[in-house]
$ cat upload-v4.csv   # CSV, C-alpha atoms and all ligand atoms
chain,number,residue,atom,x,y,z
A,1,MET,CA,-20.2,-3.1,7.5
A,2,PHE,CA,-17.1,-1.1,7.0
A,3,MET,CA,-15.5,2.0,8.4
A,4,ALA,CA,-13.3,4.1,6.0
A,5,GLU,CA,-10.8,6.6,7.1
A,6,LEU,CA,-8.2,8.6,5.3
A,7,VAL,CA,-4.9,8.0,7.2
A,8,ASN,CA,-3.6,11.5,6.9
A,9,ASN,CA,-4.6,15.1,6.5
A,10,PRO,CA,-5.5,16.0,2.9
A,11,THR,CA,-2.1,17.4,1.9
A,12,SER,CA,-0.1,14.3,2.8
A,13,ASP,CA,0.6,11.2,0.6
A,14,PRO,CA,-2.6,9.3,0.3
A,15,ALA,CA,-3.8,6.1,1.9
A,16,LEU,CA,-7.4,5.0,2.8
A,17,TYR,CA,-7.8,2.5,5.6
A,18,VAL,CA,-11.1,0.5,5.4
A,19,LYS,CA,-11.8,-1.6,8.4
A,20,LEU,CA,-14.3,-4.4,7.9
A,21,LYS,CA,-16.4,-4.5,11.0
A,22,HIS,CA,-17.1,-7.9,12.6
A,23,ARG,CA,-13.9,-9.2,11.0
A,24,GLN,CA,-10.3,-8.9,12.0
A,25,GLU,CA,-9.6,-7.5,8.6
A,26,ALA,CA,-8.9,-4.3,6.8
A,27,PHE,CA,-8.3,-3.1,3.2
A,28,LEU,CA,-5.9,-0.4,2.2
A,29,PHE,CA,-6.4,1.8,-0.9
A,30,ASP,CA,-3.0,3.2,-1.8
A,31,ILE,CA,-0.1,3.1,0.5
A,32,GLY,CA,1.5,6.6,0.7
A,33,ASP,CA,2.3,7.8,4.1
A,34,ILE,CA,1.0,5.1,6.5
A,35,ARG,CA,3.2,5.9,9.5
A,36,ARG,CA,0.1,6.9,11.5
A,37,LEU,CA,-1.3,3.4,11.3
A,38,SER,CA,-0.4,1.3,14.3
A,39,PRO,CA,1.1,-2.2,13.9
A,40,ARG,CA,-2.2,-3.6,15.1
A,41,GLN,CA,-4.0,-1.8,12.3
A,42,LEU,CA,-1.4,-3.0,9.7
A,43,ILE,CA,-1.6,-6.6,10.8
A,44,ARG,CA,-5.3,-6.5,9.9
A,45,VAL,CA,-4.6,-5.5,6.3
A,46,SER,CA,-5.5,-8.4,4.0
A,47,HIS,CA,-5.9,-6.5,0.7
A,48,LEU,CA,-3.9,-3.6,-0.7
A,49,PHE,CA,-5.2,-1.8,-3.8
A,50,VAL,CA,-2.7,0.5,-5.5
A,51,SER,CA,-4.0,3.0,-8.0
A,52,HIS,CA,-0.5,3.5,-9.6
A,53,THR,CA,3.0,3.4,-8.5
A,54,HIS,CA,4.0,7.0,-8.4
A,55,MET,CA,6.1,7.4,-5.2
A,56,ASP,CA,3.5,9.3,-3.2
A,57,HIS,CA,1.0,6.3,-3.5
A,58,PHE,CA,3.4,3.4,-2.9
A,59,ILE,CA,6.2,4.6,-0.6
A,60,GLY,CA,4.5,3.0,2.5
A,61,PHE,CA,4.9,-0.5,1.1
A,62,ASP,CA,8.2,-1.0,3.0
A,63,PHE,CA,6.7,0.0,6.2
A,64,LEU,CA,3.8,-2.5,5.8
A,65,LEU,CA,6.3,-5.2,5.0
A,66,ARG,CA,8.5,-4.3,8.0
A,67,VAL,CA,5.6,-4.8,10.4
A,68,ARG,CA,4.3,-8.0,8.8
A,69,LEU,CA,7.7,-9.7,8.5
A,70,GLY,CA,8.1,-12.6,10.9
A,71,ARG,CA,4.3,-12.9,11.5
A,72,ASP,CA,2.0,-15.4,9.9
A,73,GLY,CA,-0.5,-14.1,7.3
A,74,HIS,CA,-0.7,-12.9,3.8
A,75,VAL,CA,-1.6,-9.7,1.9
A,76,SER,CA,-3.2,-9.7,-1.6
A,77,LEU,CA,-2.0,-6.8,-3.6
A,78,PHE,CA,-3.6,-5.4,-6.8
A,79,GLY,CA,-1.9,-2.8,-9.0
A,80,PRO,CA,-1.6,-1.4,-12.5
A,81,PRO,CA,0.7,-2.5,-15.5
A,82,GLY,CA,4.3,-3.0,-14.3
A,83,PHE,CA,3.1,-3.6,-10.8
A,84,ILE,CA,4.9,-7.0,-10.4
A,85,LYS,CA,8.2,-5.4,-11.5
A,86,ASN,CA,7.6,-2.6,-9.0
A,87,VAL,CA,7.0,-5.0,-6.1
A,88,GLU,CA,10.0,-7.1,-7.1
A,89,GLY,CA,12.1,-4.0,-7.2
A,90,LYS,CA,11.1,-3.3,-3.6
A,91,LEU,CA,11.8,-6.8,-2.5
A,92,ALA,CA,15.2,-6.8,-4.3
A,93,ALA,CA,16.3,-3.8,-2.3
A,94,TYR,CA,16.9,-6.0,0.8
A,95,THR,CA,18.9,-9.1,1.8
A,96,TRP,CA,16.9,-12.1,2.7
A,97,ASN,CA,19.5,-14.7,3.7
A,98,LEU,CA,18.1,-15.3,7.2
A,99,VAL,CA,14.4,-15.5,6.7
A,100,GLY,CA,14.5,-19.3,5.9
A,101,ASN,CA,14.8,-19.9,9.7
A,102,TYR,CA,11.7,-17.9,10.6
A,103,GLN,CA,9.1,-19.7,12.6
A,104,ASN,CA,6.3,-17.9,10.9
A,105,ASP,CA,5.6,-17.3,7.3
A,106,PHE,CA,4.3,-14.3,5.5
A,107,THR,CA,3.1,-14.3,1.9
A,108,LEU,CA,2.5,-11.6,-0.6
A,109,ARG,CA,0.1,-12.4,-3.5
A,110,VAL,CA,0.5,-9.8,-6.2
A,111,THR,CA,-1.9,-9.3,-9.0
A,112,GLU,CA,-0.9,-7.1,-11.9
A,113,LEU,CA,-3.9,-5.8,-13.9
A,114,ASN,CA,-3.5,-4.9,-17.5
A,115,GLU,CA,-6.2,-3.9,-19.9
A,116,ASP,CA,-5.8,-7.1,-21.8
A,117,SER,CA,-4.4,-9.5,-19.2
A,118,THR,CA,-4.0,-10.4,-15.5
A,119,ARG,CA,-1.1,-12.0,-13.8
A,120,THR,CA,-0.6,-13.2,-10.2
A,121,ARG,CA,2.7,-14.0,-8.5
A,122,GLN,CA,3.2,-15.1,-5.0
A,123,TYR,CA,6.2,-14.4,-2.7
A,124,GLN,CA,6.8,-16.3,0.5
A,125,CYS,CA,9.0,-14.8,3.1
A,126,ARG,CA,10.6,-18.1,4.1
A,127,GLN,CA,11.5,-18.7,0.5
A,128,ALA,CA,13.4,-15.4,0.5
A,129,PHE,CA,10.5,-13.9,-1.5
A,130,GLU,CA,11.4,-15.9,-4.6
A,131,PRO,CA,8.6,-15.4,-7.2
A,132,GLU,CA,6.2,-18.1,-7.9
A,133,ASP,CA,3.7,-17.8,-10.8
A,134,ILE,CA,0.2,-18.5,-9.6
A,135,ASP,CA,-2.1,-17.4,-12.4
A,136,ALA,CA,-2.0,-15.7,-15.8
A,137,ALA,CA,-5.1,-15.0,-17.8
A,138,ARG,CA,-5.8,-13.2,-21.0
A,139,GLY,CA,-8.3,-10.5,-20.7
A,140,PHE,CA,-9.2,-8.2,-17.8
A,141,ASP,CA,-12.1,-8.9,-15.5
A,142,PRO,CA,-13.0,-5.7,-13.6
A,143,LEU,CA,-14.4,-7.8,-10.8
A,144,ILE,CA,-11.1,-8.3,-9.0
A,145,VAL,CA,-12.4,-9.6,-5.6
A,146,ASP,CA,-15.6,-11.5,-5.3
A,147,ARG,CA,-16.4,-13.0,-1.9
A,148,ASP,CA,-19.6,-13.9,0.0
A,149,ASP,CA,-19.5,-10.6,1.9
A,150,LEU,CA,-18.2,-8.1,-0.6
A,151,ALA,CA,-16.8,-7.4,-4.1
A,152,VAL,CA,-14.2,-5.0,-5.4
A,153,ARG,CA,-14.2,-3.7,-9.0
A,154,ALA,CA,-11.4,-1.8,-10.8
A,155,VAL,CA,-11.4,0.5,-13.7
A,156,PHE,CA,-8.5,1.9,-15.8
A,157,LEU,CA,-8.3,5.7,-15.9
A,158,ASP,CA,-5.9,8.0,-17.6
A,159,HIS,CA,-3.2,9.8,-15.5
A,160,ARG,CA,-0.8,9.8,-18.5
A,161,VAL,CA,0.0,6.4,-17.1
A,162,PRO,CA,-2.8,3.8,-16.5
A,163,CYS,CA,-4.2,4.5,-13.1
A,164,LEU,CA,-6.8,2.3,-11.3
A,165,ALA,CA,-9.9,3.4,-9.5
A,166,PHE,CA,-11.7,1.0,-7.2
A,167,ALA,CA,-15.2,0.4,-5.9
A,168,LEU,CA,-16.0,-1.8,-2.9
A,169,LYS,CA,-19.5,-3.1,-2.6
A,170,GLU,CA,-20.8,-5.0,0.3
A,171,LYS,CA,-23.3,-7.7,-0.5
A,172,GLN,CA,-26.7,-7.4,1.0
A,173,HIS,CA,-27.0,-8.7,4.5
A,174,ILE,CA,-29.8,-11.3,5.1
A,175,ASN,CA,-30.8,-11.8,8.7
A,176,ILE,CA,-33.3,-14.3,10.0
A,177,THR,CA,-35.1,-13.1,13.2
A,178,LYS,CA,-35.0,-15.8,15.8
A,179,ASN,CA,-38.2,-14.6,17.4
A,180,ALA,CA,-40.1,-15.0,14.2
A,181,LEU,CA,-38.8,-18.6,13.8
A,182,GLU,CA,-39.9,-19.4,17.4
A,183,GLU,CA,-43.3,-17.9,16.7
A,184,MET,CA,-43.7,-20.1,13.7
A,185,GLY,CA,-42.5,-23.1,15.6
A,186,LEU,CA,-39.5,-23.6,13.4
A,187,ALA,CA,-36.1,-24.9,14.4
A,188,PRO,CA,-33.0,-23.4,12.8
A,189,GLY,CA,-30.9,-25.6,10.6
A,190,ARG,CA,-29.1,-26.0,7.4
A,191,TRP,CA,-32.3,-25.2,5.5
A,192,LEU,CA,-32.0,-21.5,6.6
A,193,ARG,CA,-28.8,-21.2,4.6
A,194,GLU,CA,-30.6,-22.5,1.5
A,195,VAL,CA,-33.4,-20.1,2.0
A,196,LYS,CA,-30.9,-17.2,2.3
A,197,GLU,CA,-29.3,-18.3,-0.9
A,198,ALA,CA,-32.7,-18.3,-2.6
A,199,ILE,CA,-33.3,-14.8,-1.4
A,200,ARG,CA,-29.9,-13.7,-2.6
A,201,LYS,CA,-30.7,-15.3,-6.0
A,202,ASP,CA,-34.1,-13.6,-6.2
A,203,PHE,CA,-36.2,-16.7,-6.4
A,204,PRO,CA,-39.9,-15.9,-7.0
A,205,ALA,CA,-41.9,-15.1,-3.9
A,206,GLU,CA,-44.4,-17.9,-4.6
A,207,THR,CA,-41.7,-20.7,-4.6
A,208,PRO,CA,-42.7,-23.2,-1.8
A,209,LEU,CA,-39.9,-23.5,0.8
A,210,GLY,CA,-40.0,-27.3,0.3
A,211,GLU,CA,-38.7,-26.8,-3.2
A,212,ILE,CA,-35.8,-24.7,-2.0
A,213,THR,CA,-34.5,-26.8,0.9
A,214,THR,CA,-33.1,-30.3,0.7
A,215,ASP,CA,-33.7,-30.7,4.5
A,216,LYS,CA,-37.0,-32.4,4.4
A,217,VAL,CA,-37.7,-32.3,8.2
A,218,ARG,CA,-37.4,-28.7,9.2
A,219,PRO,CA,-39.0,-26.3,6.8
A,220,PRO,CA,-42.8,-26.0,6.5
A,221,LYS,CA,-43.4,-27.3,3.1
A,222,THR,CA,-46.6,-25.4,2.5
A,223,MET,CA,-45.1,-22.0,3.2
A,224,THR,CA,-43.9,-19.9,0.3
A,225,LEU,CA,-40.6,-18.0,0.2
A,226,GLY,CA,-42.5,-14.7,0.1
A,227,GLU,CA,-44.5,-15.5,3.3
A,228,PHE,CA,-41.4,-16.6,5.1
A,229,ARG,CA,-39.4,-13.6,4.0
A,230,ASP,CA,-42.2,-11.2,5.1
A,231,ARG,CA,-42.3,-12.7,8.6
A,232,ALA,CA,-38.8,-13.7,9.4
A,233,VAL,CA,-36.2,-12.0,7.2
A,234,LEU,CA,-34.5,-8.7,7.4
A,235,VAL,CA,-32.5,-7.6,4.4
A,236,THR,CA,-30.0,-4.8,4.8
A,237,PRO,CA,-28.6,-3.5,1.5
A,238,GLY,CA,-24.8,-3.5,1.3
A,239,ARG,CA,-23.0,-0.2,1.3
A,240,LYS,CA,-20.7,1.0,-1.5
A,241,LEU,CA,-17.4,2.9,-1.4
A,242,ALA,CA,-15.4,4.3,-4.3
A,243,TYR,CA,-11.8,5.5,-4.4
A,244,VAL,CA,-10.6,7.7,-7.3
A,245,THR,CA,-7.3,9.5,-7.5
A,246,ASP,CA,-4.8,11.0,-9.9
A,247,VAL,CA,-6.9,11.5,-13.0
A,248,ILE,CA,-7.1,14.1,-15.6
A,249,TYR,CA,-10.5,15.6,-16.2
A,250,SER,CA,-11.4,14.2,-19.6
A,251,GLU,CA,-14.7,13.1,-21.0
A,252,ASP,CA,-13.6,9.5,-21.0
A,253,ASN,CA,-12.3,9.6,-17.4
A,254,ALA,CA,-15.5,11.4,-16.2
A,255,ARG,CA,-17.7,8.8,-17.8
A,256,LYS,CA,-15.8,5.9,-16.3
A,257,ILE,CA,-15.6,7.5,-12.8
A,258,VAL,CA,-19.4,8.2,-12.8
A,259,GLU,CA,-20.1,4.6,-13.9
A,260,LEU,CA,-17.8,3.1,-11.2
A,261,ALA,CA,-19.0,5.4,-8.4
A,262,LYS,CA,-22.7,5.3,-9.3
A,263,GLY,CA,-24.8,5.3,-6.2
A,264,SER,CA,-21.9,5.0,-3.8
A,265,ASP,CA,-22.6,5.8,-0.2
A,266,VAL,CA,-19.2,7.3,0.1
A,267,LEU,CA,-16.8,8.5,-2.6
A,268,PHE,CA,-13.2,9.4,-1.9
A,269,ILE,CA,-12.0,11.5,-4.7
A,270,GLU,CA,-8.8,13.5,-5.2
A,271,ALA,CA,-8.8,17.3,-5.6
A,272,ALA,CA,-5.2,18.4,-6.1
A,273,PHE,CA,-6.0,21.9,-7.1
A,274,MET,CA,-8.7,24.6,-7.0
A,275,GLU,CA,-10.5,25.7,-10.1
A,276,GLU,CA,-8.3,28.8,-10.5
A,277,ASP,CA,-5.4,26.5,-11.1
A,278,ARG,CA,-7.2,24.2,-13.5
A,279,GLU,CA,-4.5,24.5,-16.1
A,280,LYS,CA,-2.0,23.2,-13.6
A,281,ALA,CA,-4.4,20.4,-12.7
A,282,ALA,CA,-4.7,19.5,-16.4
A,283,ASP,CA,-0.9,19.6,-16.9
A,284,THR,CA,-0.2,17.3,-13.9
A,285,CYS,CA,-3.2,15.1,-14.7
A,286,HIS,CA,-5.2,15.9,-11.6
A,287,LEU,CA,-8.7,17.1,-10.7
A,288,THR,CA,-9.8,20.4,-9.3
A,289,ALA,CA,-12.0,20.6,-6.3
A,290,ARG,CA,-14.9,21.8,-8.5
A,291,GLN,CA,-14.4,18.9,-10.9
A,292,ALA,CA,-14.3,16.4,-7.9
A,293,GLY,CA,-17.5,17.8,-6.5
A,294,THR,CA,-19.2,17.7,-9.9
A,295,LEU,CA,-18.2,14.1,-10.4
A,296,ALA,CA,-19.5,13.2,-7.0
A,297,ARG,CA,-22.8,14.8,-7.8
A,298,MET,CA,-23.0,13.1,-11.2
A,299,ALA,CA,-22.3,9.8,-9.6
A,300,GLY,CA,-25.1,10.4,-7.1
A,301,ALA,CA,-22.7,9.7,-4.1
A,302,GLY,CA,-24.4,10.0,-0.7
A,303,TYR,CA,-21.3,11.6,0.8
A,304,PHE,CA,-17.9,12.4,-0.7
A,305,ARG,CA,-14.6,13.4,0.7
A,306,ILE,CA,-11.8,15.1,-1.2
A,307,PHE,CA,-8.1,14.4,-0.5
A,308,HIS,CA,-4.6,14.6,-2.1
A,309,MET,CA,-4.6,18.4,-2.1
A,310,SER,CA,-1.4,20.2,-3.3
A,311,PRO,CA,0.7,21.3,-0.3
A,312,LYS,CA,0.2,24.9,-1.5
A,313,TYR,CA,-3.3,24.7,0.2
A,314,LYS,CA,-1.9,23.9,3.6
A,315,GLY,CA,-3.8,26.1,6.0
A,316,MET,CA,-6.4,26.9,3.3
A,317,GLU,CA,-8.0,23.5,3.2
A,318,ASP,CA,-11.4,24.9,4.0
A,319,LEU,CA,-11.4,26.9,0.8
A,320,VAL,CA,-10.8,23.8,-1.2
A,321,TYR,CA,-13.5,21.8,0.6
A,322,ARG,CA,-16.0,24.7,0.1
A,323,GLU,CA,-15.3,24.8,-3.7
A,324,ALA,CA,-15.9,21.0,-3.9
A,325,GLU,CA,-19.1,21.2,-1.8
A,326,GLU,CA,-20.5,24.1,-3.9
A,327,ALA,CA,-20.1,22.0,-7.0
A,328,PHE,CA,-21.7,19.0,-5.3
A,329,TYR,CA,-24.8,20.8,-4.0
A,330,LYS,CA,-25.3,22.9,-7.2
B,401,ZN,ZN,-0.5,11.3,-6.6

$ encode --input "upload-v4.csv" --output "structure tokens"
Amino acid sequence: MFMAELVNNPTSDPALYVKLKHRQEAFLFDIGDIRRLSPRQLIRVSHLFVSHTHMDHFIGFDFLLRVRLGRDGHVSLFGPPGFIKNVEGKLAAYTWNLVGNYQNDFTLRVTELNEDSTRTRQYQCRQAFEPEDIDAARGFDPLIVDRDDLAVRAVFLDHRVPCLAFALKEKQHINITKNALEEMGLAPGRWLREVKEAIRKDFPAETPLGEITTDKVRPPKTMTLGEFRDRAVLVTPGRKLAYVTDVIYSEDNARKIVELAKGSDVLFIEAAFMEEDREKAADTCHLTARQAGTLARMAGAGYFRIFHMSPKYKGMEDLVYREAEEAFYK
């Protein structure tokens, strides 16, 4: 389970804070103005996804670094072409002659995504943030994070520079009910993990449990996976979140956005202007509120939230929200 929250009001520099419940961990999507996040919240950040490095989306990096310096931990960063140079530029702005003596170490792991390659470099605080090449691969795999509990995908969009949009998808949650186990006279053990894996991999319902588990003692060999699942397993589908910002409304972008955000429970999507300013939106490679609402509808999002409004709408945010909603519910 996650809880997602825009850090600021919709006219400020964007940042989306996603707290992973039941874990001491949070993800950040863009790092504009993050001064409202407490050190406690920033210490939880394990992954930072940067759409592009225009200043309004990346200026908060220094603030994050300042809070994390001198503490153990690491942050994995993902960003667009040129990202490694951008991060190194930030690091090069300061003097690091004393960090070798720090008790604690802090590490940045930076992955630069290009449409035809991926490169990862690591920077350790106690090594004065000297770069260390970790990985370089030809080709681009949109699945940039893949863990037991969730996955993150990225797609390239056009903002006159390549701009990344992201989708976070929780994997389904498989719970075994203790009561049901007791009723069936079964003791928990390693075999349950194997059964969960079989459910995750969609084994046929008629597969006998004995065929799945290597633990020959615990599971009832005559019971099938389907019978066991019906009696003792509760599957909660994972939720999906998508984050889209700084894109021009083009056919190509629209198709990619809809594909990425398809079926998301919550979609965060920029709406820099209102429809009456759509030429300005096109000139500056941004969406209008109507376009954002339309894209959210096309993607079948359960809920959507617009952000990154031009400061000219300060005090008139409701009008912008309304325009987006009208397009969504059309
Ligand atoms: Zn922007």

$ atom_distance --input "upload-v4.csv" --atom1 "CA of Pro237 in chain A" --atom2 "CA of Val18 in chain A"
18.4 Å

$ closest_atom_pairs --input "upload-v4.csv" --of "chain A" --to "ligand ZN 401 (chain B)" --cutoff "7 Å" --atoms "only C-alpha atoms and all ligand atoms" --output "Markdown table"
| residue | atom | partner | partner_atom | distance |
| --- | --- | --- | --- | --- |
| A:His54 | CA | B:ZN401 | ZN | 6.5 |
| A:Asp56 | CA | B:ZN401 | ZN | 5.6 |
| A:His57 | CA | B:ZN401 | ZN | 6.1 |
| A:Asp246 | CA | B:ZN401 | ZN | 5.4 |
| A:His308 | CA | B:ZN401 | ZN | 6.9 |

$ write_last_selection --input "upload-v4.csv" --atoms "C-alpha atoms" --output "PDB file, in the frame of the given file"
ATOM      1  CA  HIS A  54       4.000   7.000  -8.400  1.00  0.00           C
ATOM      2  CA  ASP A  56       3.500   9.300  -3.200  1.00  0.00           C
ATOM      3  CA  HIS A  57       1.000   6.300  -3.500  1.00  0.00           C
ATOM      4  CA  ASP A 246      -4.800  11.000  -9.900  1.00  0.00           C
ATOM      5  CA  HIS A 308      -4.600  14.600  -2.100  1.00  0.00           C
TER       6      HIS A 308
END

$ atom_distance --input "upload-v4.csv" --atom1 "CA of Leu48 in chain A" --atom2 "CA of Glu112 in chain A"
12.1 Å

$ closest_residue --input "upload-v4.csv" --among "A:Leu295, A:Leu108, A:Ile43, A:Cys285" --to "Pro162 in chain A" --atoms "all atoms listed in the file"
A:Cys285

$ closest_residue --input "upload-v4.csv" --among "A:Phe268, A:Lys85, A:Ala289, A:Arg305" --to "Glu326 in chain A" --atoms "all atoms listed in the file"
A:Ala289

$ residues_near_point --input "upload-v4.csv" --point "(-6.2, 17.4, 6.1)" --cutoff "10 Å" --atoms "only C-alpha atoms" --output "ChimeraX atom specification"
/A:6-12,306-309,313-318

$ closest_residue --input "upload-v4.csv" --among "A:Leu164, A:Leu42, A:Val247, A:Leu65" --to "Thr107 in chain A" --atoms "all atoms listed in the file"
A:Leu65

$ atom_distance --input "upload-v4.csv" --atom1 "CA of Ala128 in chain A" --atom2 "CA of Val99 in chain A"
6.3 Å

$ closest_residue --input "upload-v4.csv" --among "A:Gly89, A:Gly238, A:Pro39, A:Gly302" --to "Ala261 in chain A" --atoms "only C-alpha atoms"
A:Gly302

$ residues_near_point --input "upload-v4.csv" --point "(-12.3, 12.3, -3.7)" --cutoff "12 Å" --atoms "all atoms listed in the file" --output "ChimeraX atom specification"
/A:6,10,14-16,165-166,241-247,257,261,266-273,286-297,299,301,303-309,320-321,324-325,328

$ write_last_selection --input "upload-v4.csv" --atoms "C-alpha atoms" --output "short mmCIF file (atom, residue, chain, number, x, y, z; two decimals), in the coordinates of the input"
data_model
loop_
_atom_site.label_atom_id
_atom_site.label_comp_id
_atom_site.auth_asym_id
_atom_site.auth_seq_id
_atom_site.Cartn_x
_atom_site.Cartn_y
_atom_site.Cartn_z
CA LEU A 6 -8.20 8.60 5.30
CA PRO A 10 -5.50 16.00 2.90
CA PRO A 14 -2.60 9.30 0.30
CA ALA A 15 -3.80 6.10 1.90
CA LEU A 16 -7.40 5.00 2.80
CA ALA A 165 -9.90 3.40 -9.50
CA PHE A 166 -11.70 1.00 -7.20
CA LEU A 241 -17.40 2.90 -1.40
CA ALA A 242 -15.40 4.30 -4.30
CA TYR A 243 -11.80 5.50 -4.40
CA VAL A 244 -10.60 7.70 -7.30
CA THR A 245 -7.30 9.50 -7.50
CA ASP A 246 -4.80 11.00 -9.90
CA VAL A 247 -6.90 11.50 -13.00
CA ILE A 257 -15.60 7.50 -12.80
CA ALA A 261 -19.00 5.40 -8.40
CA VAL A 266 -19.20 7.30 0.10
CA LEU A 267 -16.80 8.50 -2.60
CA PHE A 268 -13.20 9.40 -1.90
CA ILE A 269 -12.00 11.50 -4.70
CA GLU A 270 -8.80 13.50 -5.20
CA ALA A 271 -8.80 17.30 -5.60
CA ALA A 272 -5.20 18.40 -6.10
CA PHE A 273 -6.00 21.90 -7.10
CA HIS A 286 -5.20 15.90 -11.60
CA LEU A 287 -8.70 17.10 -10.70
CA THR A 288 -9.80 20.40 -9.30
CA ALA A 289 -12.00 20.60 -6.30
CA ARG A 290 -14.90 21.80 -8.50
CA GLN A 291 -14.40 18.90 -10.90
CA ALA A 292 -14.30 16.40 -7.90
CA GLY A 293 -17.50 17.80 -6.50
CA THR A 294 -19.20 17.70 -9.90
CA LEU A 295 -18.20 14.10 -10.40
CA ALA A 296 -19.50 13.20 -7.00
CA ARG A 297 -22.80 14.80 -7.80
CA ALA A 299 -22.30 9.80 -9.60
CA ALA A 301 -22.70 9.70 -4.10
CA TYR A 303 -21.30 11.60 0.80
CA PHE A 304 -17.90 12.40 -0.70
CA ARG A 305 -14.60 13.40 0.70
CA ILE A 306 -11.80 15.10 -1.20
CA PHE A 307 -8.10 14.40 -0.50
CA HIS A 308 -4.60 14.60 -2.10
CA MET A 309 -4.60 18.40 -2.10
CA VAL A 320 -10.80 23.80 -1.20
CA TYR A 321 -13.50 21.80 0.60
CA ALA A 324 -15.90 21.00 -3.90
CA GLU A 325 -19.10 21.20 -1.80
CA PHE A 328 -21.70 19.00 -5.30
#

$ closest_residue --input "upload-v4.csv" --among "A:Asp149, A:Asp13, A:Asp116, A:Glu251" --to "Gly32 in chain A" --atoms "only C-alpha atoms"
A:Asp13

$ residues_around --input "upload-v4.csv" --residues "Pro204 in chain A" --least-positions-apart "4" --cutoff "12 Å" --atoms "only C-alpha atoms" --output "ChimeraX atom specification"
/A:195,198-200,208-209,211-212,224-227,229

$ write_last_selection --input "upload-v4.csv" --atoms "C-alpha atoms" --output "PDB file, keeping the file's coordinate frame"
ATOM      1  CA  VAL A 195     -33.400 -20.100   2.000  1.00  0.00           C
ATOM      2  CA  ALA A 198     -32.700 -18.300  -2.600  1.00  0.00           C
ATOM      3  CA  ILE A 199     -33.300 -14.800  -1.400  1.00  0.00           C
ATOM      4  CA  ARG A 200     -29.900 -13.700  -2.600  1.00  0.00           C
ATOM      5  CA  PRO A 208     -42.700 -23.200  -1.800  1.00  0.00           C
ATOM      6  CA  LEU A 209     -39.900 -23.500   0.800  1.00  0.00           C
ATOM      7  CA  GLU A 211     -38.700 -26.800  -3.200  1.00  0.00           C
ATOM      8  CA  ILE A 212     -35.800 -24.700  -2.000  1.00  0.00           C
ATOM      9  CA  THR A 224     -43.900 -19.900   0.300  1.00  0.00           C
ATOM     10  CA  LEU A 225     -40.600 -18.000   0.200  1.00  0.00           C
ATOM     11  CA  GLY A 226     -42.500 -14.700   0.100  1.00  0.00           C
ATOM     12  CA  GLU A 227     -44.500 -15.500   3.300  1.00  0.00           C
ATOM     13  CA  ARG A 229     -39.400 -13.600   4.000  1.00  0.00           C
TER      14      ARG A 229
END

$ closest_residue --input "upload-v4.csv" --among "A:Arg322, A:Gln103, A:Arg160, A:Glu259" --to "Thr284 in chain A" --atoms "all atoms listed in the file"
A:Arg160
